[in-house]
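Here's the structure, in structure tokens; my notes come after.
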Amino acid sequence: MKTFRPFIRFLFFAYVTTATVAEIWIRNLFEGEDLDRSMRIRKSWANRLMKGIGVRLTVKGSIPDQPCIVIANHRSYLDPILMLCHLNAFPVAKAELASWPVIGRGAKMAGILYLKRESAKSRAGALAKIQEVIERGYPVIIFPEGTTSALDGVLPFKKGVFLLAAKANITITPVAVLFKNKADYWVGREKFLQHAGRRFKEPFIEVCLHYGPILKSDDATVLLDQTQNWIEQHIVAAKNLPSNEATKNT
């Protein structure tokens, strides 16, 4: 079974994703564009997908129910999809995702902000779009490390989004992404298909999302420190739990 499991899960991933993008496109075509409807369809896709590829997801804390900036540590390509199981939000993603077959088109129709991290103009434009999305009433998901990390903490957070939050009076919700097995981290030069194929062999991928308190300040440095410290503390706390408690829902 372990030999065939990656193949079956890749087929499931392709089928569910293609069917979801097709549903959004067809409904937009015949019923008119409706972002809220598209996000509801995307949420259903995220939940079906995670169950279908063996992800066991638990949640701690309170999932935000208001427009805010959701800030998390970055471990895997699954991270934004995990949060989209609960949030009708705009993830901030690398611009390269826009060219991915099917996924890039679907993401655009259901709400996403693309960013070229190496471009100062793109970063400034993304911050302006984040503020616009918040003002429209939607949360934004961002990973301010800028890349995935396997550290027992986090990489230094980029300050731009905290400057925006402080200036525009936007609240922040920190999230600690806690995978039980470090093998699930997608880091280094490993290709997406290589990593997914390796992990899809396993029966389950166990992960916990721990949502933190609402943070607000007119001082960007204070906001950054509070957010980074909260996430790091919960990464360390989860690491020190017995293995059978690390992803237990409370």
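The chains in the structure tokens are called A, B, ... from first to last as shown; in each chain the residues are counted from 1, and the ligands are counted from 1 in the order shown.
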(message) Need to verify the contact set: A:Glu145, 12 Å, only C-alpha atoms, exclusion of same-chain residues closer than 5 positions in sequence. Can you return it as a ChimeraX atom specification?
(response) /A:71-75,117,150-151,153-161,224,228,231
(request) as a PyMOL selection string, please: all residues of stretch 31-242 of chain A that backbone DSSP puts in helix (DSSP H, G or I). (result) chain A and resi 31+35-52+79-84+95-99+103-110+120-135+160-168+182-184+192-199+220-239
(request) Measure the distance from atom CA of A:Phe7 to atom CA of A:Pro101 in Å and round it to one decimal. (result) 18.5 Å
(message) So, with only C-alpha atoms as the atoms that count, which of A:Leu127, A:Leu215, A:Leu78, A:Leu113 lies closest to A:Arg199?
(response)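 Of all the options, A:Leu78 lies closest to A:Arg199.
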(request) Skip A:Thr3 itself and residues of its chain fewer than 2 positions away, then list as a PyMOL selection string all residues within 10 Å of it, counting only C-alpha atoms. (result) chain A and resi 1+5-8+200-202
(request) Can you work out which one of A:Ile41, A:Ala168, A:Ala22, A:Ile214 has the shortest atom-to-atom distance to A:Gly111, counting only C-alpha atoms? (result) A:Ile41
Give me, as a tab-separated table (two decimals) with N, CA and C atoms, in the first residue's frame, all polymer residues having an atom no more than 9 Å from A:Met83, counting only C-alpha atoms and skipping those fewer than 5 positions away in the same chain.
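File produced: result27.tsv:
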chain	number	residue	atom	x	y	z
A	46	ALA	N	-10.10	22.85	0.48
A	46	ALA	CA	-8.98	22.72	1.41
A	46	ALA	C	-9.23	21.60	2.42
A	78	LEU	N	2.12	23.24	2.50
A	78	LEU	CA	0.77	23.04	3.01
A	78	LEU	C	0.30	24.19	3.90
A	88	ASN	N	-11.65	32.51	5.29
A	88	ASN	CA	-11.91	33.10	3.97
A	88	ASN	C	-10.97	34.29	3.84
A	89	ALA	N	-9.75	33.99	3.42
A	89	ALA	CA	-8.69	34.98	3.48
A	89	ALA	C	-7.91	35.04	2.17
A	141	ILE	N	-3.26	36.38	4.93
A	141	ILE	CA	-2.30	35.44	5.51
A	141	ILE	C	-0.93	35.71	4.93
A	209	LEU	N	-2.36	23.89	14.23
A	209	LEU	CA	-2.34	25.35	14.09
A	209	LEU	C	-2.73	25.94	15.44
